[in-house]
Amino acid sequence: MERIYLDHAATSPMHPRVIEKMVKVMNETFGNPSSIHSFGREARHYLDEARATLAASIGARENEIIVTSGGTEADNMALFGIAESYKQNGKHIITTQIEHHAVLHTCQQLEKNGYEVTYLPVDETGRISLAELTASLRDDTILVSIMYGNNEVGTIQPMKEIGQILLNHQAKFHTDAVQAYGIEKIDVNESHIDALSVSAHKINGPKGIGFLYLRSDVIIAPRSFGGEQERKRRAGTENVASIAAFQEAVEIAVADRDIKREKFKGFKRLLIKKLQEARVEFALNGSLEHSLPHVLNLSFPGTNVEAMLVNLDLTGIAVSSGSACTAGSIEPSHVLVAMHGKESERLVNSIRFSFGFTTTEEEIFKAADAITSVVARLRNTI
C-alpha cells in the first residue's frame, strides 16, 4: 500500500542534503568547539558558519542567536528568562489562548511563581484583536508572547502591527515562530521582535536542535549552568553535527521559500477543489487570507475525528487532528475551543493537513479520493 504523508506540521522528513551534511560532520569533526587545538577549531568553524546563516535568515546579528535543543526549550528559555530578568519592572505577561503548549504551560508555571498572565482571545479565524492587545497592556507588563503562525490551523498573527504597538512600551516581544520559520519571510527588525523561537525538524532538519533569537539589548536569566557556551546563556558542549545540518536545512529553506509557498498554496486550493467537486461537506478552520501556506485545517460535519484518523491511516493517508504534542489526548483542541467555543461540533470532527517538500499533486488527488470515501462511509455509520 502506498503511504502518503500529509502531517509535515508535526514533523518533517530530513532533506537528503541535510542528512549528507550531518553524516559528513559526524564522520570527520568530533572535536569540542571550546578546545583551542585544531580539532576544536574545526568544530568551532562549523558553529560560527551556522550561527551566521541562522542570524541572516531572520535579519539578526550572530551574537543574537542562542542554539537550543528545539522550539520547546527556546520558548521556555525566552519566557522564564525574560520574566526573571525584568520582574523588578512588573510581573504581568500577555499571551494568547491559542499558543503551543510550550508557551501555555510555561505561562501556567509562571502564574504559580507569582506572575499574572492575560490570555488574549481570538476571533473565528484565530486572529487576536489589536485593540484588545492594546487595552490589555499595563505599566507593569514586561512580556508579550504571541505565536507567529498557529500550528493547528495555520493562522498568522499581524506581527508588524503588534511590534509597532509594543515599540514604545517596556514589554519585550517574543514570538513562537516554530511553524512559520522557513515558510514565511521573517525580519525581526521590521516587526520589532525581541525574542523568537525556532525548531529545525519543522524545516527538514534534524530533531533535537533549534535556536532562540534574543535581541542584543535584552537581558535573559540562564536556565542551565556549567560552561560558558552560547555567551554564558546556555551551558553545555554544542551538538556540532546537528547544528551544521540545521544550517544546511536553513539554506535550502531560504533558497526554495518562494517556490514552496506557491506550491503549497496550490495544494490547498487543489484539495479544497477536489472535495467540493466530490460534494463533500466541510468547513475551513482558520483563514486562507492570513494563513501559513502549508497548513490546512478542515471540519467534516457528521464525522468523528478519531474514526477519521484511523480510517485514513488504513488507506495510507497520514494526517493529524492538530498538535502532535497532544496526540492521543481526549481533551478537545484548545485552539478550536478558543476559535469556536466549547460546544462547537468542530471540536470533534476537524482534521489538519500539512504539506512539505515530498508532497506531490498526485498525492493530493489520492488523498481527496480517500477523504471522500471515508467521510461518506462514516456518515452512514455514525
# chains A, B, ... in the order shown; residues from 1 in each chain; ligands from 1
call {"tool": "residues_around", "arguments": {"residues": "Arg352 in chain A", "least_positions_apart": "5", "cutoff": "9 Å", "atoms": "only C-alpha atoms", "output": "number ranges by chain"}}
result
A: 6-7, 9, 152-153, 295-299, 319-323
call {"tool": "residues_around", "arguments": {"residues": "range 94-111 of chain A", "least_positions_apart": "6", "cutoff": "9 Å", "atoms": "only C-alpha atoms", "output": "ChimeraX atom specification"}}
result
/A:71-73,75-76,79-80,83,117-122,126,128,133,136-137,141-147,150-151,176,323,325-326,334-339
call {"tool": "closest_atom_pairs", "arguments": {"of": "range 331-380 of chain A", "to": "range 267-281 of chain A", "cutoff": "12 Å", "atoms": "only C-alpha atoms", "output": "Markdown table"}}
result
| residue | atom | partner | partner_atom | distance |
| --- | --- | --- | --- | --- |
| A:Asn349 | CA | A:Glu281 | CA | 11.7 |
| A:Arg352 | CA | A:Lys268 | CA | 11.5 |
| A:Phe353 | CA | A:Lys268 | CA | 9.0 |
| A:Ser354 | CA | A:Lys268 | CA | 9.1 |
| A:Phe355 | CA | A:Phe267 | CA | 7.9 |
| A:Gly356 | CA | A:Phe267 | CA | 10.2 |
| A:Phe357 | CA | A:Phe267 | CA | 11.7 |
| A:Thr359 | CA | A:Phe267 | CA | 8.8 |
| A:Thr360 | CA | A:Phe267 | CA | 8.4 |
| A:Glu361 | CA | A:Phe267 | CA | 6.9 |
| A:Glu362 | CA | A:Phe267 | CA | 10.1 |
| A:Glu363 | CA | A:Phe267 | CA | 9.6 |
| A:Ile364 | CA | A:Leu271 | CA | 6.1 |
| A:Phe365 | CA | A:Leu271 | CA | 7.2 |
| A:Lys366 | CA | A:Leu271 | CA | 9.8 |
| A:Ala367 | CA | A:Leu271 | CA | 8.1 |
| A:Ala368 | CA | A:Leu271 | CA | 6.1 |
| A:Asp369 | CA | A:Leu275 | CA | 8.1 |
| A:Ala370 | CA | A:Leu275 | CA | 10.2 |
| A:Ile371 | CA | A:Leu275 | CA | 8.1 |
| A:Thr372 | CA | A:Val280 | CA | 6.3 |
| A:Ser373 | CA | A:Val280 | CA | 9.5 |
| A:Val374 | CA | A:Val280 | CA | 10.4 |
| A:Val375 | CA | A:Val280 | CA | 7.6 |
| A:Ala376 | CA | A:Val280 | CA | 8.1 |
| A:Arg377 | CA | A:Val280 | CA | 11.7 |
| A:Arg379 | CA | A:Glu281 | CA | 10.6 |
call {"tool": "write_last_selection", "arguments": {"atoms": "C-alpha atoms", "output": "compact mmCIF listing (two decimals), in the first residue's frame"}}
result
# COMPACT_ATOMS: atom_id res chain seq x y z
CA ASN A 349 -14.58 16.48 13.54
CA ARG A 352 -5.22 19.08 9.87
CA PHE A 353 -3.49 18.51 6.54
CA SER A 354 0.04 19.87 6.15
CA PHE A 355 2.40 19.73 3.21
CA GLY A 356 6.15 19.51 2.68
CA PHE A 357 8.84 19.15 0.06
CA THR A 359 4.28 16.20 -1.24
CA THR A 360 3.11 15.82 -4.84
CA GLU A 361 0.00 16.83 -6.76
CA GLU A 362 -0.76 13.15 -7.36
CA GLU A 363 -0.80 12.58 -3.59
CA ILE A 364 -3.33 15.39 -3.17
CA PHE A 365 -5.62 13.74 -5.73
CA LYS A 366 -5.33 10.38 -3.96
CA ALA A 367 -5.88 11.97 -0.55
CA ALA A 368 -9.01 13.75 -1.78
CA ASP A 369 -10.42 10.45 -3.07
CA ALA A 370 -9.64 8.72 0.22
CA ILE A 371 -11.20 11.53 2.26
CA THR A 372 -14.33 11.43 0.10
CA SER A 373 -14.74 7.68 0.64
CA VAL A 374 -14.03 7.78 4.38
CA VAL A 375 -16.39 10.72 5.02
CA ALA A 376 -19.21 9.02 3.09
CA ARG A 377 -18.69 5.77 4.98
CA ARG A 379 -21.64 9.49 7.80
call {"tool": "residues_around", "arguments": {"residues": "Ile220 in chain A", "least_positions_apart": "3", "cutoff": "8 Å", "atoms": "only C-alpha atoms", "output": "MDAnalysis selection string"}}
result
chainID A and resid 78 81:82 84:85 233
call {"tool": "write_last_selection", "arguments": {"atoms": "C-alpha atoms", "output": "mmCIF file, in the first residue's frame"}}
result
data_model
loop_
_atom_site.group_PDB
_atom_site.id
_atom_site.type_symbol
_atom_site.label_atom_id
_atom_site.label_comp_id
_atom_site.auth_asym_id
_atom_site.auth_seq_id
_atom_site.Cartn_x
_atom_site.Cartn_y
_atom_site.Cartn_z
ATOM 1 C CA ALA A 78 12.567 33.109 26.490
ATOM 2 C CA GLY A 81 14.484 34.050 31.263
ATOM 3 C CA ILE A 82 12.830 37.362 30.412
ATOM 4 C CA GLU A 84 13.068 36.551 35.793
ATOM 5 C CA SER A 85 15.298 39.281 34.390
ATOM 6 C CA ARG A 233 23.384 31.878 28.281
#
call {"tool": "select_by_dssp", "arguments": {"residues": "range 29-69 of chain A", "states": "strand (DSSP E)", "output": "short mmCIF file (atom, residue, chain, number, x, y, z; two decimals) with C-alpha atoms, in the first residue's frame"}}
result
data_model
loop_
_atom_site.label_atom_id
_atom_site.label_comp_id
_atom_site.auth_asym_id
_atom_site.auth_seq_id
_atom_site.Cartn_x
_atom_site.Cartn_y
_atom_site.Cartn_z
CA ILE A 65 21.45 33.56 18.26
CA ILE A 66 21.30 31.04 21.12
CA VAL A 67 21.39 27.43 19.93
CA THR A 68 18.89 25.24 21.81
#
call {"tool": "residues_around", "arguments": {"residues": "Asn63 in chain A", "least_positions_apart": "4", "cutoff": "9 Å", "atoms": "only C-alpha atoms", "output": "list in words"}}
result
Arg51, Ala52, Ala55, Leu214, Arg215, Ser216, Glu230 and Arg231 of chain A
call {"tool": "select_by_dssp", "arguments": {"residues": "range 191-375 of chain A", "states": "alpha helix (DSSP H)", "output": "JSON, numbers by chain"}}
result
{"A": [229, 230, 231, 232, 240, 241, 242, 243, 244, 245, 246, 247, 248, 249, 250, 251, 252, 253, 254, 255, 256, 257, 258, 259, 260, 261, 262, 263, 264, 265, 266, 267, 268, 269, 270, 271, 272, 273, 274, 275, 276, 277, 305, 306, 307, 308, 309, 310, 311, 312, 313, 314, 334, 335, 336, 337, 338, 339, 340, 361, 362, 363, 364, 365, 366, 367, 368, 369, 370, 371, 372, 373, 374, 375]}
call {"tool": "closest_residue", "arguments": {"among": "A:Gly266, A:Thr125, A:Leu378, A:Asp140", "to": "Val310 in chain A", "atoms": "only C-alpha atoms"}}
result
A:Leu378
call {"tool": "closest_residue", "arguments": {"among": "A:Ile219, A:Ala180, A:Ala244, A:Ala43", "to": "Lys232 in chain A", "atoms": "only C-alpha atoms"}}
result
A:Ile219
call {"tool": "closest_atom_pairs", "arguments": {"of": "range 214-329 of chain A", "to": "range 21-24 of chain A", "cutoff": "9 Å", "atoms": "only C-alpha atoms", "output": "Markdown table"}}
result
| residue | atom | partner | partner_atom | distance |
| --- | --- | --- | --- | --- |
| A:Val240 | CA | A:Met22 | CA | 8.9 |
| A:Ala241 | CA | A:Met22 | CA | 5.2 |
| A:Ser242 | CA | A:Met22 | CA | 6.3 |
| A:Ile243 | CA | A:Met22 | CA | 8.5 |
| A:Ala244 | CA | A:Met22 | CA | 6.5 |
| A:Ala245 | CA | A:Met22 | CA | 5.0 |
| A:Phe246 | CA | A:Met22 | CA | 8.6 |
| A:Glu248 | CA | A:Lys21 | CA | 7.2 |
call {"tool": "write_last_selection", "arguments": {"atoms": "N, CA and C atoms", "output": "PDB file, in the first residue's frame"}}
result
ATOM      1  N   VAL A 240      27.518  19.742  17.414  1.00  0.00           N
ATOM      2  CA  VAL A 240      28.076  20.304  16.185  1.00  0.00           C
ATOM      3  C   VAL A 240      27.440  19.715  14.931  1.00  0.00           C
ATOM      4  N   ALA A 241      27.282  18.400  14.874  1.00  0.00           N
ATOM      5  CA  ALA A 241      26.726  17.765  13.679  1.00  0.00           C
ATOM      6  C   ALA A 241      25.305  18.233  13.403  1.00  0.00           C
ATOM      7  N   SER A 242      24.482  18.323  14.443  1.00  0.00           N
ATOM      8  CA  SER A 242      23.102  18.773  14.257  1.00  0.00           C
ATOM      9  C   SER A 242      23.034  20.245  13.884  1.00  0.00           C
ATOM     10  N   ILE A 243      23.927  21.034  14.467  1.00  0.00           N
ATOM     11  CA  ILE A 243      23.949  22.463  14.137  1.00  0.00           C
ATOM     12  C   ILE A 243      24.351  22.666  12.679  1.00  0.00           C
ATOM     13  N   ALA A 244      25.335  21.910  12.220  1.00  0.00           N
ATOM     14  CA  ALA A 244      25.759  22.009  10.820  1.00  0.00           C
ATOM     15  C   ALA A 244      24.634  21.566   9.888  1.00  0.00           C
ATOM     16  N   ALA A 245      23.915  20.499  10.285  1.00  0.00           N
ATOM     17  CA  ALA A 245      22.783  20.027   9.485  1.00  0.00           C
ATOM     18  C   ALA A 245      21.658  21.051   9.484  1.00  0.00           C
ATOM     19  N   PHE A 246      21.443  21.689  10.614  1.00  0.00           N
ATOM     20  CA  PHE A 246      20.436  22.753  10.731  1.00  0.00           C
ATOM     21  C   PHE A 246      20.763  23.877   9.740  1.00  0.00           C
ATOM     22  N   GLU A 248      22.337  23.660   6.940  1.00  0.00           N
ATOM     23  CA  GLU A 248      22.021  23.187   5.587  1.00  0.00           C
ATOM     24  C   GLU A 248      20.520  23.286   5.328  1.00  0.00           C
TER      25      GLU A 248
END
call {"tool": "decode", "arguments": {"residues": "range 249-330 of chain A", "atoms": "C-alpha atoms", "output": "mmCIF file, in the first residue's frame"}}
result
data_model
loop_
_atom_site.group_PDB
_atom_site.id
_atom_site.type_symbol
_atom_site.label_atom_id
_atom_site.label_comp_id
_atom_site.auth_asym_id
_atom_site.auth_seq_id
_atom_site.Cartn_x
_atom_site.Cartn_y
_atom_site.Cartn_z
ATOM 1 C CA ALA A 249 18.263 22.954 6.178
ATOM 2 C CA VAL A 250 18.020 26.718 6.615
ATOM 3 C CA GLU A 251 19.964 27.405 3.428
ATOM 4 C CA ILE A 252 17.631 25.093 1.487
ATOM 5 C CA ALA A 253 14.513 26.598 3.079
ATOM 6 C CA VAL A 254 15.552 30.178 2.315
ATOM 7 C CA ALA A 255 16.541 29.372 -1.285
ATOM 8 C CA ASP A 256 13.308 27.466 -2.019
ATOM 9 C CA ARG A 257 10.913 29.529 0.080
ATOM 10 C CA ASP A 258 9.019 31.388 -2.645
ATOM 11 C CA ILE A 259 8.656 28.293 -4.821
ATOM 12 C CA LYS A 260 7.450 26.200 -1.873
ATOM 13 C CA ARG A 261 4.946 28.825 -0.795
ATOM 14 C CA GLU A 262 3.273 28.865 -4.193
ATOM 15 C CA LYS A 263 3.337 25.071 -4.433
ATOM 16 C CA PHE A 264 1.738 24.637 -1.013
ATOM 17 C CA LYS A 265 -0.925 27.250 -1.745
ATOM 18 C CA GLY A 266 -1.677 25.284 -4.902
ATOM 19 C CA PHE A 267 -2.060 22.090 -2.877
ATOM 20 C CA LYS A 268 -4.543 23.854 -0.583
ATOM 21 C CA ARG A 269 -6.623 25.079 -3.498
ATOM 22 C CA LEU A 270 -6.485 21.688 -5.206
ATOM 23 C CA LEU A 271 -7.563 19.704 -2.144
ATOM 24 C CA ILE A 272 -10.446 22.093 -1.483
ATOM 25 C CA LYS A 273 -11.487 21.985 -5.134
ATOM 26 C CA LYS A 274 -11.473 18.181 -5.321
ATOM 27 C CA LEU A 275 -13.539 17.885 -2.142
ATOM 28 C CA GLN A 276 -16.019 20.439 -3.451
ATOM 29 C CA GLU A 277 -16.291 18.582 -6.767
ATOM 30 C CA ALA A 278 -16.968 15.368 -4.853
ATOM 31 C CA ARG A 279 -19.696 17.210 -2.899
ATOM 32 C CA VAL A 280 -18.016 16.554 0.418
ATOM 33 C CA GLU A 281 -19.427 18.794 3.125
ATOM 34 C CA PHE A 282 -16.683 20.598 5.041
ATOM 35 C CA ALA A 283 -15.796 23.931 6.608
ATOM 36 C CA LEU A 284 -12.481 25.746 6.864
ATOM 37 C CA ASN A 285 -10.969 26.303 10.290
ATOM 38 C CA GLY A 286 -8.931 29.469 10.124
ATOM 39 C CA SER A 287 -8.383 31.713 7.144
ATOM 40 C CA LEU A 288 -6.988 31.324 3.650
ATOM 41 C CA GLU A 289 -6.031 35.002 3.594
ATOM 42 C CA HIS A 290 -3.966 35.109 6.793
ATOM 43 C CA SER A 291 -2.569 31.584 6.891
ATOM 44 C CA LEU A 292 0.597 29.561 6.607
ATOM 45 C CA PRO A 293 0.624 28.109 3.072
ATOM 46 C CA HIS A 294 1.379 24.553 4.190
ATOM 47 C CA VAL A 295 -1.325 24.109 6.845
ATOM 48 C CA LEU A 296 -4.994 23.412 6.103
ATOM 49 C CA ASN A 297 -7.494 22.533 8.841
ATOM 50 C CA LEU A 298 -10.942 21.301 7.772
ATOM 51 C CA SER A 299 -14.069 20.352 9.703
ATOM 52 C CA PHE A 300 -16.169 17.470 8.344
ATOM 53 C CA PRO A 301 -19.699 17.617 9.850
ATOM 54 C CA GLY A 302 -21.221 14.269 10.735
ATOM 55 C CA THR A 303 -17.872 12.548 11.303
ATOM 56 C CA ASN A 304 -15.682 11.769 14.274
ATOM 57 C CA VAL A 305 -12.039 12.822 14.303
ATOM 58 C CA GLU A 306 -10.704 9.590 15.825
ATOM 59 C CA ALA A 307 -12.568 7.464 13.298
ATOM 60 C CA MET A 308 -11.379 9.751 10.503
ATOM 61 C CA LEU A 309 -7.746 9.448 11.545
ATOM 62 C CA VAL A 310 -7.891 5.660 11.891
ATOM 63 C CA ASN A 311 -9.720 5.127 8.601
ATOM 64 C CA LEU A 312 -7.461 7.487 6.675
ATOM 65 C CA ASP A 313 -4.417 5.770 8.147
ATOM 66 C CA LEU A 314 -5.787 2.423 6.991
ATOM 67 C CA THR A 315 -5.862 3.831 3.456
ATOM 68 C CA GLY A 316 -2.268 5.020 3.844
ATOM 69 C CA ILE A 317 -3.036 8.722 4.473
ATOM 70 C CA ALA A 318 -1.186 10.203 7.468
ATOM 71 C CA VAL A 319 -2.858 13.342 8.819
ATOM 72 C CA SER A 320 -3.479 14.831 12.242
ATOM 73 C CA SER A 321 -6.166 16.236 14.499
ATOM 74 C CA GLY A 322 -3.900 19.145 15.406
ATOM 75 C CA SER A 323 -0.793 19.451 17.522
ATOM 76 C CA ALA A 324 1.335 16.308 17.566
ATOM 77 C CA CYS A 325 2.330 17.167 21.130
ATOM 78 C CA THR A 326 -1.220 16.367 22.323
ATOM 79 C CA ALA A 327 -1.869 13.347 20.108
ATOM 80 C CA GLY A 328 -3.924 10.723 21.916
ATOM 81 C CA SER A 329 -5.373 13.269 24.322
ATOM 82 C CA ILE A 330 -9.116 13.065 24.956
#
